[in-house]
Structures are given as structure tokens and as C-alpha cells.
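Engineer: Structure file data-v7.tsv (TSV, C-alpha atoms and all ligand atoms) is given on the next line.
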chain	number	residue	atom	x	y	z
A	786	MET	CA	66.51	109.56	114.67
A	787	ALA	CA	62.79	109.12	115.20
A	788	ARG	CA	60.60	109.61	112.16
A	789	LYS	CA	58.08	112.37	112.83
A	790	PHE	CA	54.51	111.28	112.05
A	791	PHE	CA	53.29	112.91	108.84
A	792	VAL	CA	49.67	113.50	107.85
A	793	GLY	CA	48.91	114.85	104.40
A	794	GLY	CA	45.46	115.84	103.15
A	795	ASN	CA	45.10	115.52	99.39
A	796	TRP	CA	42.00	117.48	98.43
A	797	LYS	CA	42.36	116.36	94.82
A	798	CYS	CA	40.13	118.22	92.32
A	799	ASN	CA	37.49	119.25	94.86
A	800	GLY	CA	36.03	122.39	96.35
A	801	THR	CA	34.92	125.94	95.76
A	802	ALA	CA	36.64	128.92	97.36
A	803	GLU	CA	33.90	128.97	100.01
A	804	GLU	CA	34.24	125.27	100.76
A	805	VAL	CA	38.00	125.57	100.96
A	806	LYS	CA	37.71	128.44	103.45
A	807	LYS	CA	35.34	126.32	105.53
A	808	ILE	CA	37.76	123.40	105.64
A	809	VAL	CA	40.61	125.70	106.62
A	810	ASN	CA	38.51	127.29	109.36
A	811	THR	CA	37.78	123.86	110.80
A	812	LEU	CA	41.49	123.03	110.77
A	813	ASN	CA	42.43	126.37	112.27
A	814	GLU	CA	40.02	125.97	115.16
A	815	ALA	CA	41.05	122.42	115.98
A	816	GLN	CA	43.14	121.52	118.98
A	817	VAL	CA	45.67	119.11	117.56
A	818	THR	CA	48.71	117.24	118.64
A	819	SER	CA	51.80	119.41	118.89
A	820	GLN	CA	53.89	119.92	115.78
A	821	ASP	CA	56.77	118.28	117.65
A	822	VAL	CA	54.85	115.06	117.21
A	823	VAL	CA	53.14	115.44	113.84
A	824	GLU	CA	53.74	117.29	110.59
A	825	VAL	CA	50.56	118.28	108.79
A	826	VAL	CA	50.38	119.26	105.13
A	827	VAL	CA	47.25	119.97	103.10
A	828	SER	CA	47.13	119.95	99.35
A	829	PRO	CA	44.39	122.01	97.71
A	830	PRO	CA	43.97	122.35	93.96
A	831	TYR	CA	46.47	124.80	92.41
A	832	VAL	CA	44.07	127.70	92.12
A	833	PHE	CA	43.37	127.67	95.84
A	834	LEU	CA	47.00	127.35	97.00
A	835	PRO	CA	47.62	131.08	97.65
A	836	LEU	CA	44.27	131.43	99.41
A	837	VAL	CA	44.85	128.41	101.64
A	838	LYS	CA	48.41	129.41	102.38
A	839	SER	CA	47.28	132.89	103.41
A	840	ILE	CA	44.62	131.73	105.88
A	841	LEU	CA	45.96	128.38	107.14
A	842	ARG	CA	47.33	128.15	110.69
A	843	PRO	CA	51.11	128.55	110.70
A	844	ASP	CA	51.88	125.11	112.13
A	845	PHE	CA	50.29	123.41	109.09
A	846	HIS	CA	51.80	123.61	105.61
A	847	VAL	CA	50.64	123.36	102.02
A	848	ALA	CA	51.53	121.11	99.11
A	849	ALA	CA	50.84	121.31	95.39
A	850	GLN	CA	49.35	118.20	93.83
A	851	ASN	CA	51.81	118.09	90.93
A	852	CYS	CA	54.41	120.13	89.08
A	853	TRP	CA	56.12	120.12	85.73
A	854	VAL	CA	59.07	117.83	85.13
A	855	LYS	CA	61.60	120.56	84.34
A	856	LYS	CA	62.03	124.30	84.03
A	857	GLY	CA	58.92	126.18	82.94
A	858	GLY	CA	58.41	127.48	79.42
A	859	ALA	CA	56.10	126.59	76.55
A	860	PHE	CA	54.16	123.90	78.43
A	861	THR	CA	50.54	125.01	78.35
A	862	GLY	CA	48.60	124.09	81.45
A	863	GLU	CA	51.63	123.18	83.53
A	864	VAL	CA	52.99	124.77	86.70
A	865	SER	CA	56.73	124.64	87.33
A	866	ALA	CA	58.60	123.76	90.50
A	867	GLU	CA	60.18	127.23	90.33
A	868	MET	CA	56.73	128.83	90.52
A	869	LEU	CA	55.90	126.85	93.65
A	870	VAL	CA	59.19	127.90	95.23
A	871	ASN	CA	58.46	131.49	94.19
A	872	LEU	CA	55.13	131.36	96.07
A	873	ASP	CA	56.75	129.70	99.10
A	874	ILE	CA	54.85	126.46	98.62
A	875	PRO	CA	57.09	123.98	100.45
A	876	TRP	CA	55.70	120.62	99.36
A	877	VAL	CA	54.54	118.86	96.20
A	878	ILE	CA	52.83	115.50	95.72
A	879	LEU	CA	54.29	113.60	92.75
A	880	GLY	CA	53.45	110.30	91.11
A	881	HIS	CA	49.94	109.98	92.51
A	882	SER	CA	48.31	106.87	91.04
A	883	GLU	CA	45.52	108.96	89.52
A	884	ARG	CA	48.15	110.77	87.45
A	885	ARG	CA	50.03	107.57	86.68
A	886	ALA	CA	46.82	105.88	85.47
A	887	LEU	CA	44.84	108.71	83.90
A	888	LEU	CA	47.68	110.82	82.54
A	889	ASN	CA	50.08	107.99	81.72
A	890	GLU	CA	52.87	109.18	83.98
A	891	THR	CA	55.58	106.51	83.84
A	892	ASN	CA	57.98	105.52	86.63
A	893	GLU	CA	60.79	107.33	84.80
A	894	PHE	CA	58.76	110.50	84.30
A	895	VAL	CA	57.82	110.53	87.98
A	896	GLY	CA	61.47	109.91	88.92
A	897	ASP	CA	62.53	112.86	86.75
A	898	LYS	CA	59.89	115.06	88.38
A	899	VAL	CA	60.95	114.08	91.89
A	900	ALA	CA	64.61	114.81	91.12
A	901	TYR	CA	63.83	118.15	89.49
A	902	ALA	CA	61.47	119.31	92.26
A	903	LEU	CA	63.99	118.39	94.97
A	904	ALA	CA	66.74	120.21	93.09
A	905	GLN	CA	64.60	123.36	93.14
A	906	GLY	CA	64.23	123.09	96.91
A	907	LEU	CA	60.77	121.54	97.18
A	908	LYS	CA	59.94	118.72	99.56
A	909	VAL	CA	58.27	115.79	97.83
A	910	ILE	CA	55.55	113.31	98.75
A	911	ALA	CA	56.31	110.58	96.22
A	912	CYS	CA	53.48	108.10	95.69
A	913	VAL	CA	53.86	104.41	94.87
A	914	GLY	CA	51.41	101.52	94.90
A	915	GLU	CA	50.06	98.52	93.06
A	916	THR	CA	46.75	97.88	91.32
A	917	LEU	CA	44.40	95.11	92.43
A	918	GLU	CA	45.43	93.06	89.40
A	919	GLN	CA	49.09	93.41	90.31
A	920	ARG	CA	48.41	92.47	93.94
A	921	GLU	CA	46.43	89.41	92.90
A	922	ALA	CA	49.25	88.41	90.56
A	923	GLY	CA	51.62	88.52	93.55
A	924	SER	CA	53.70	91.36	92.12
A	925	THR	CA	53.02	94.07	94.71
A	926	MET	CA	56.61	94.39	95.82
A	927	ASP	CA	58.01	94.22	92.28
A	928	VAL	CA	55.75	97.11	91.27
A	929	VAL	CA	56.51	99.20	94.34
A	930	ALA	CA	60.24	98.49	94.03
A	931	ALA	CA	60.28	99.50	90.35
A	932	GLN	CA	58.46	102.74	91.15
A	933	THR	CA	60.87	103.48	94.00
A	934	LYS	CA	63.92	102.50	91.94
A	935	ALA	CA	63.03	105.07	89.28
A	936	ILE	CA	63.25	107.68	92.05
A	937	ALA	CA	66.36	106.18	93.68
A	938	ASP	CA	68.16	106.17	90.32
A	939	ARG	CA	67.77	109.95	90.13
A	940	VAL	CA	67.89	111.12	93.73
A	941	SER	CA	70.84	111.09	96.11
A	942	ASN	CA	69.53	113.15	99.01
A	943	TRP	CA	66.37	111.65	100.52
A	944	SER	CA	66.01	114.05	103.44
A	945	ASN	CA	63.16	115.95	101.74
A	946	VAL	CA	61.29	112.89	100.49
A	947	VAL	CA	58.27	111.22	102.06
A	948	ILE	CA	57.12	108.03	100.35
A	949	ALA	CA	53.36	107.47	100.23
A	950	TYR	CA	52.42	103.83	99.76
A	951	GLU	CA	48.95	103.93	98.26
A	952	PRO	CA	47.55	100.66	96.97
A	953	VAL	CA	45.40	101.70	94.02
A	954	TRP	CA	42.64	99.29	95.02
A	955	ALA	CA	42.25	101.09	98.34
A	956	ILE	CA	42.01	104.62	96.97
A	957	GLY	CA	38.56	106.14	97.20
A	958	THR	CA	37.02	102.66	97.43
A	959	GLY	CA	36.37	102.40	101.14
A	960	LYS	CA	38.40	99.18	100.91
A	961	VAL	CA	41.30	100.01	103.22
A	962	ALA	CA	44.41	97.83	103.41
A	963	SER	CA	44.48	95.91	106.65
A	964	PRO	CA	47.08	97.13	109.14
A	965	ALA	CA	49.02	93.91	108.45
A	966	GLN	CA	48.90	94.44	104.67
A	967	ALA	CA	50.11	98.03	105.03
A	968	GLN	CA	52.84	97.06	107.50
A	969	GLU	CA	54.04	94.25	105.24
A	970	VAL	CA	54.61	96.55	102.26
A	971	HIS	CA	56.09	99.36	104.37
A	972	ASP	CA	58.50	96.89	105.95
A	973	GLU	CA	59.49	95.47	102.56
A	974	LEU	CA	59.92	98.94	101.15
A	975	ARG	CA	62.16	99.94	104.05
A	976	LYS	CA	64.23	96.80	103.50
A	977	TRP	CA	64.44	97.68	99.81
A	978	LEU	CA	65.75	101.15	100.70
A	979	ALA	CA	68.29	99.64	103.11
A	980	LYS	CA	69.59	97.31	100.42
A	981	ASN	CA	69.46	99.63	97.44
A	982	VAL	CA	69.98	103.11	98.89
A	983	SER	CA	71.39	103.06	102.43
A	984	ALA	CA	70.63	101.93	105.95
A	985	ASP	CA	70.37	105.57	106.99
A	986	VAL	CA	67.83	106.46	104.29
A	987	ALA	CA	65.82	103.35	105.21
A	988	ALA	CA	65.80	104.30	108.88
A	989	THR	CA	64.95	107.96	108.43
A	990	THR	CA	62.62	108.15	105.41
A	991	ARG	CA	58.99	108.40	106.34
A	992	ILE	CA	56.74	105.89	104.60
A	993	ILE	CA	53.11	106.92	104.93
A	994	TYR	CA	50.01	104.98	103.95
A	995	GLY	CA	47.15	106.20	101.75
A	996	GLY	CA	43.90	104.56	100.69
A	997	SER	CA	40.54	104.95	102.46
A	998	VAL	CA	42.08	106.16	105.71
A	999	ASN	CA	39.41	107.55	108.03
A	1000	GLY	CA	38.79	108.51	111.61
A	1001	GLY	CA	37.88	104.93	112.46
A	1002	ASN	CA	40.83	103.01	111.02
A	1003	CYS	CA	43.68	105.52	111.46
A	1004	LYS	CA	44.82	104.50	114.94
A	1005	GLU	CA	45.34	100.85	114.16
A	1006	LEU	CA	47.05	101.63	110.86
A	1007	GLY	CA	49.19	104.32	112.45
A	1008	GLY	CA	50.17	101.95	115.24
A	1009	GLN	CA	52.08	99.72	112.80
A	1010	ALA	CA	55.84	99.94	113.27
A	1011	ASP	CA	56.63	101.09	109.74
A	1012	VAL	CA	53.58	103.28	109.08
A	1013	ASP	CA	54.81	106.82	109.65
A	1014	GLY	CA	51.58	108.62	108.86
A	1015	PHE	CA	49.02	108.99	106.10
A	1016	LEU	CA	48.12	110.59	102.82
A	1017	VAL	CA	44.39	111.09	103.12
A	1018	GLY	CA	41.99	111.82	100.27
A	1019	GLY	CA	38.23	111.92	100.91
A	1020	ALA	CA	38.42	112.16	104.70
A	1021	SER	CA	40.78	115.15	104.49
A	1022	LEU	CA	37.83	117.22	103.28
A	1023	LYS	CA	35.90	116.44	106.45
A	1024	PRO	CA	36.28	117.33	110.14
A	1025	GLU	CA	37.42	113.74	110.82
A	1026	PHE	CA	40.79	114.76	109.34
A	1027	ILE	CA	41.48	116.17	112.82
A	1028	ASP	CA	41.04	112.69	114.32
A	1029	ILE	CA	43.45	111.32	111.74
A	1030	ILE	CA	46.03	113.94	112.70
A	1031	LYS	CA	45.56	112.91	116.33
A	1032	ALA	CA	46.42	109.31	115.43
A	1033	ALA	CA	50.02	110.54	115.72
A	1034	GLU	CA	49.50	110.07	119.46
A	1035	VAL	CA	49.70	106.30	119.01
A	1036	LYS	CA	53.35	106.71	118.08
A	1037	LYS	CA	54.05	109.17	120.86
A	1038	SER	CA	52.77	106.75	123.46
A	1039	ALA	CA	54.36	103.68	121.83
A	1101	LIG	O1	46.13	110.84	98.01
A	1101	LIG	C1	45.28	110.23	98.67
A	1101	LIG	C2	44.83	108.93	98.27
A	1101	LIG	O2	44.54	108.87	96.92
A	1101	LIG	C3	43.78	108.34	99.16
A	1101	LIG	O3	42.49	108.77	98.82
A	1101	LIG	P1	41.24	108.26	99.73
A	1101	LIG	O4	41.64	108.57	101.14
A	1101	LIG	O5	40.08	109.07	99.25
A	1101	LIG	O6	41.12	106.80	99.49
What do you get writing this file as C-alpha cells?
Ligand SMILES: O=C[C@H](O)COP(=O)(O)O
Structural biologist:
Amino acid sequence: MARKFFVGGNWKCNGTAEEVKKIVNTLNEAQVTSQDVVEVVVSPPYVFLPLVKSILRPDFHVAAQNCWVKKGGAFTGEVSAEMLVNLDIPWVILGHSERRALLNETNEFVGDKVAYALAQGLKVIACVGETLEQREAGSTMDVVAAQTKAIADRVSNWSNVVIAYEPVWAIGTGKVASPAQAQEVHDELRKWLAKNVSADVAATTRIIYGGSVNGGNCKELGGQADVDGFLVGGASLKPEFIDIIKAAEVKKSA
């Protein structure tokens, strides 16, 4: 089964209601590749989720940027998976490196969140990736494998999981991984899934790349055999996000 190209826009902690409406208008007016070829998901900050969902074109979907690790309750400041399901929010991003680094989310905690969110019926964009220090120490694959293992240990059905490989050193730095660097890790990660989960999960799970993707570099990155799309930060706030969505065409014509 072919893996449908996936482009996610992570708006992070950015925007006012007016700015968000402007971004959505731009997306709504754009002529993009058919949804048979690409799946597009945008992830505004929590407070804007209902607004974005209500005005966004129907062929694009929304994602939350996080959710609580278990059932809601006395967890001030948190939003539960059940609440997202209640509002018909189909996707959630979990384990983003900013949360791992700044909020001390461990591999196990992220694994628990992924398992809980999936069990509630959410689809998950699960983020993994190494720091510059780890890459320079030659431990990229060990780090990525450990992060993925914590998910694999807790999840049996991978059909609603997209893995986002996001090298930390490429996030928001303008220092994008080369197509060969991205392909190498995606290929290794797929082999890891084949060995440790199943050949079917390895063949069907989308592994997308994130880290300084823009309108200029998306086609070459997207043309790599094991790059199934992108998780885009900064450029997803700009009109060039449309060009990144259109990079799905490189797969269609491959
Ligand atoms: O979730 C998205 C990534 O953190 C990439 O962000 P960036 O495109 O601004 O580097």
C-alpha cells in the first residue's frame, strides 16, 4: 500500500486570532494537490483550534500540539485527549522536541501519551530526533530508536501513527538536514520498525521530516524514497506552505 504524502503545519505558540484567520484564508484560497495525493493537517495553538476548525477548508484537518497523558481531572493547565475527541479534533502532535527539552518530557512519558491518545481515537504525529551533540557523538540512530521503542513498547496498532523525524539542530535554525541525511535516518528508522515491530508497519507507516523545511528545499527532500512528507514550523505560517504541500507531486510523478 502506497504511503500518502503528509504535510503538517505546526504553528507552535504563534499568532493572534486575526493572523490565524489570515493564514486560514490563504490556505482556503489555494489551489493544491488533490487530497488523494496529500494529507494536510495544521496545528494552531489550543485556543485557536475551534476557530480554525470552523473556517478551514474541509479537505484540510487540524491537530492539537499536545494533550495530557491520561484521563482529565485535577491537572491544571492541561487538555485531555477526550476533550480533543469531544471537539472532533482528529490529530495531535506528541513528543515534539521543544516539549522534550523545555518541559522535560521523557521517552516513556511520550510513549504513554501516544498510547493513551490512540486509545481515545486520536491520530498521532509522534516526534523523534537527535540533538546536535548526539549527532556529533554518532548516536543519532540510538537516540531515535530509543524514542521510537518507548512508543513501540506501548502501541500495537500503528495505523493512526505518523512519525516525524525532526533533528533538533535543524528546527528553527535554517540549517536543514540534507536530503541524504534525512533519507539515511528515515531508512534506518523503517528498518528498525521492520525488525522490532513488523514488516507491514515498516512499509505502511509514514515517516515525515521536520526541521527548516521551506518552499525551496521541500521538493528535493520530499523526493527521497523514505521521506513521506513534512512537519513544518516557521514556513507553515507563510504562503510558501502551499508550495510545500505541492511537493507531494514529486511522489505522484515518481
Ligand atoms: O514541528 C515543526 C518543527 O519543529 C520544525 O520547525 P521549523 O520548520 O520552524 O524548523
Engineer: Which is closest to ligand LIG 1101 (chain A) among A:Ile910, A:Ala937, A:Val1035, A:Val895, if we use only C-alpha atoms and all ligand atoms?
Structural biologist: A:Ile910
Engineer: Extract, using all atoms listed in the file, all DNA, RNA and protein residues at most 8 Å from Asn945 (chain A), discarding same-chain residues fewer than 4 positions from it, and format them as a list in words.
Structural biologist: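 So, after excluding close chain neighbours, the residues are Leu903, Leu907, Lys908 and Val909 of chain A.
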Engineer: Kindly give the distance, in Å, that separates CA of Pro843 (chain A) and CA of Lys1031 (chain A), rounded to a single decimal.
Structural biologist: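 Those two atoms sit 17.5 Å apart.
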Engineer: Between A:Trp796, A:Leu834, A:Trp943, A:Val847, which one has atoms that come closest to Ser983 (chain A), using only C-alpha atoms?
Structural biologist: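 Between A:Trp796, A:Leu834, A:Trp943, A:Val847, the residue approaching Ser983 (chain A) most closely is A:Trp943.
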Engineer: Excluding region 1001-1012 of chain A and residues on its chain fewer than 6 positions from it, collect all residues at most 10 Å away from it, counting all atoms listed in the file, and give them as a PDB file with C-alpha atoms, in the coordinates of the input.
Structural biologist:
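Generated file (around-v5.pdb):
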ATOM      1  CA  ARG A 788      60.600 109.610 112.160  1.00  0.00           C
ATOM      2  CA  PHE A 790      54.510 111.280 112.050  1.00  0.00           C
ATOM      3  CA  PHE A 791      53.290 112.910 108.840  1.00  0.00           C
ATOM      4  CA  ALA A 949      53.360 107.470 100.230  1.00  0.00           C
ATOM      5  CA  TYR A 950      52.420 103.830  99.760  1.00  0.00           C
ATOM      6  CA  VAL A 961      41.300 100.010 103.220  1.00  0.00           C
ATOM      7  CA  ALA A 962      44.410  97.830 103.410  1.00  0.00           C
ATOM      8  CA  SER A 963      44.480  95.910 106.650  1.00  0.00           C
ATOM      9  CA  PRO A 964      47.080  97.130 109.140  1.00  0.00           C
ATOM     10  CA  ALA A 965      49.020  93.910 108.450  1.00  0.00           C
ATOM     11  CA  GLN A 966      48.900  94.440 104.670  1.00  0.00           C
ATOM     12  CA  ALA A 967      50.110  98.030 105.030  1.00  0.00           C
ATOM     13  CA  GLN A 968      52.840  97.060 107.500  1.00  0.00           C
ATOM     14  CA  GLU A 969      54.040  94.250 105.240  1.00  0.00           C
ATOM     15  CA  VAL A 970      54.610  96.550 102.260  1.00  0.00           C
ATOM     16  CA  HIS A 971      56.090  99.360 104.370  1.00  0.00           C
ATOM     17  CA  ASP A 972      58.500  96.890 105.950  1.00  0.00           C
ATOM     18  CA  GLU A 973      59.490  95.470 102.560  1.00  0.00           C
ATOM     19  CA  LEU A 974      59.920  98.940 101.150  1.00  0.00           C
ATOM     20  CA  ARG A 975      62.160  99.940 104.050  1.00  0.00           C
ATOM     21  CA  ALA A 988      65.800 104.300 108.880  1.00  0.00           C
ATOM     22  CA  ARG A 991      58.990 108.400 106.340  1.00  0.00           C
ATOM     23  CA  ILE A 992      56.740 105.890 104.600  1.00  0.00           C
ATOM     24  CA  ILE A 993      53.110 106.920 104.930  1.00  0.00           C
ATOM     25  CA  TYR A 994      50.010 104.980 103.950  1.00  0.00           C
ATOM     26  CA  GLU A1025      37.420 113.740 110.820  1.00  0.00           C
ATOM     27  CA  PHE A1026      40.790 114.760 109.340  1.00  0.00           C
ATOM     28  CA  ASP A1028      41.040 112.690 114.320  1.00  0.00           C
ATOM     29  CA  ILE A1029      43.450 111.320 111.740  1.00  0.00           C
ATOM     30  CA  ILE A1030      46.030 113.940 112.700  1.00  0.00           C
ATOM     31  CA  LYS A1031      45.560 112.910 116.330  1.00  0.00           C
ATOM     32  CA  ALA A1032      46.420 109.310 115.430  1.00  0.00           C
ATOM     33  CA  ALA A1033      50.020 110.540 115.720  1.00  0.00           C
ATOM     34  CA  GLU A1034      49.500 110.070 119.460  1.00  0.00           C
ATOM     35  CA  VAL A1035      49.700 106.300 119.010  1.00  0.00           C
ATOM     36  CA  LYS A1036      53.350 106.710 118.080  1.00  0.00           C
ATOM     37  CA  LYS A1037      54.050 109.170 120.860  1.00  0.00           C
ATOM     38  CA  SER A1038      52.770 106.750 123.460  1.00  0.00           C
ATOM     39  CA  ALA A1039      54.360 103.680 121.830  1.00  0.00           C
TER      40      ALA A1039
END
Engineer: Show me the residues close to (44.7, 133.1, 102.1) - anything with an atom within 12 Å, counting all atoms listed in the file - and format the list as a JSON list (two decimals) with C-alpha atoms, keeping the file's coordinate frame.
Structural biologist:
[["chain", "number", "residue", "atom", "x", "y", "z"],
["A", 802, "ALA", "CA", 36.64, 128.92, 97.36],
["A", 803, "GLU", "CA", 33.90, 128.97, 100.01],
["A", 805, "VAL", "CA", 38.00, 125.57, 100.96],
["A", 806, "LYS", "CA", 37.71, 128.44, 103.45],
["A", 809, "VAL", "CA", 40.61, 125.70, 106.62],
["A", 810, "ASN", "CA", 38.51, 127.29, 109.36],
["A", 829, "PRO", "CA", 44.39, 122.01, 97.71],
["A", 832, "VAL", "CA", 44.07, 127.70, 92.12],
["A", 833, "PHE", "CA", 43.37, 127.67, 95.84],
["A", 834, "LEU", "CA", 47.00, 127.35, 97.00],
["A", 835, "PRO", "CA", 47.62, 131.08, 97.65],
["A", 836, "LEU", "CA", 44.27, 131.43, 99.41],
["A", 837, "VAL", "CA", 44.85, 128.41, 101.64],
["A", 838, "LYS", "CA", 48.41, 129.41, 102.38],
["A", 839, "SER", "CA", 47.28, 132.89, 103.41],
["A", 840, "ILE", "CA", 44.62, 131.73, 105.88],
["A", 841, "LEU", "CA", 45.96, 128.38, 107.14],
["A", 842, "ARG", "CA", 47.33, 128.15, 110.69],
["A", 843, "PRO", "CA", 51.11, 128.55, 110.70],
["A", 847, "VAL", "CA", 50.64, 123.36, 102.02]]
Engineer: Each residue of chain A with at least one atom at most 9 Å from ligand LIG 1101 (chain A) should appear once, together with its nearest atom pair and the corresponding distance in Å (one decimal); atoms considered: all atoms listed in the file; ordering: chain, then increasing residue number; output as a tab-separated table.
Structural biologist:
residue	atom	partner	partner_atom	distance
A:Gly793	CA	A:LIG1101	O1	8.0
A:Gly794	CA	A:LIG1101	C1	7.2
A:Asn795	CA	A:LIG1101	O1	5.0
A:Trp796	CA	A:LIG1101	O1	7.8
A:Lys797	CA	A:LIG1101	O1	7.4
A:Ile878	CA	A:LIG1101	O1	8.5
A:His881	CA	A:LIG1101	O1	6.7
A:Ser882	CA	A:LIG1101	O2	7.3
A:Glu883	CA	A:LIG1101	O2	7.5
A:Cys912	CA	A:LIG1101	O1	8.2
A:Ala949	CA	A:LIG1101	O1	8.3
A:Glu951	CA	A:LIG1101	C2	6.5
A:Pro952	CA	A:LIG1101	O2	8.7
A:Val953	CA	A:LIG1101	O2	7.8
A:Trp954	CA	A:LIG1101	O6	8.9
A:Ala955	CA	A:LIG1101	O6	5.9
A:Ile956	CA	A:LIG1101	O6	3.4
A:Gly957	CA	A:LIG1101	O6	3.5
A:Thr958	CA	A:LIG1101	O6	6.2
A:Gly959	CA	A:LIG1101	O6	6.7
A:Lys960	CA	A:LIG1101	O6	8.2
A:Val961	CA	A:LIG1101	O6	7.7
A:Tyr994	CA	A:LIG1101	C3	8.5
A:Gly995	CA	A:LIG1101	C3	4.8
A:Gly996	CA	A:LIG1101	O6	3.8
A:Ser997	CA	A:LIG1101	O6	3.5
A:Val998	CA	A:LIG1101	O4	5.2
A:Asn999	CA	A:LIG1101	O4	7.3
A:Phe1015	CA	A:LIG1101	C1	8.4
A:Leu1016	CA	A:LIG1101	C1	5.0
A:Val1017	CA	A:LIG1101	O4	4.2
A:Gly1018	CA	A:LIG1101	O4	3.4
A:Gly1019	CA	A:LIG1101	O5	3.8
A:Ala1020	CA	A:LIG1101	O4	6.0
A:Ser1021	CA	A:LIG1101	O4	7.4
Engineer: Using N, CA and C atoms, give me region 796-807 of chain A from the structure I just pasted, as a compact mmCIF listing (two decimals), in the first residue's frame.
Structural biologist:
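Okay, result11.txt is ready:
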# COMPACT_ATOMS: atom_id res chain seq x y z
N TRP A 796 2.05 25.41 13.99
CA TRP A 796 2.11 26.86 14.18
C TRP A 796 2.74 27.23 15.52
N LYS A 797 2.99 26.23 16.33
CA LYS A 797 3.63 26.44 17.65
C LYS A 797 2.88 27.52 18.43
N CYS A 798 3.59 28.32 19.23
CA CYS A 798 2.91 29.31 20.08
C CYS A 798 2.93 30.68 19.38
N ASN A 799 2.27 30.72 18.23
CA ASN A 799 2.29 31.94 17.41
C ASN A 799 0.89 32.36 17.01
N GLY A 800 0.71 33.66 16.83
CA GLY A 800 -0.48 34.17 16.17
C GLY A 800 -1.51 34.83 17.07
N THR A 801 -2.23 35.75 16.46
CA THR A 801 -3.42 36.34 17.08
C THR A 801 -4.61 35.76 16.31
N ALA A 802 -5.80 36.00 16.80
CA ALA A 802 -6.98 35.50 16.08
C ALA A 802 -7.00 36.04 14.66
N GLU A 803 -6.63 37.31 14.50
CA GLU A 803 -6.65 37.92 13.16
C GLU A 803 -5.61 37.26 12.26
N GLU A 804 -4.42 37.04 12.81
CA GLU A 804 -3.37 36.42 11.99
C GLU A 804 -3.76 35.00 11.59
N VAL A 805 -4.35 34.30 12.54
CA VAL A 805 -4.77 32.93 12.27
C VAL A 805 -5.81 32.91 11.14
N LYS A 806 -6.75 33.83 11.20
CA LYS A 806 -7.79 33.89 10.15
C LYS A 806 -7.14 34.16 8.79
N LYS A 807 -6.12 35.02 8.80
CA LYS A 807 -5.43 35.35 7.55
C LYS A 807 -4.74 34.12 6.96
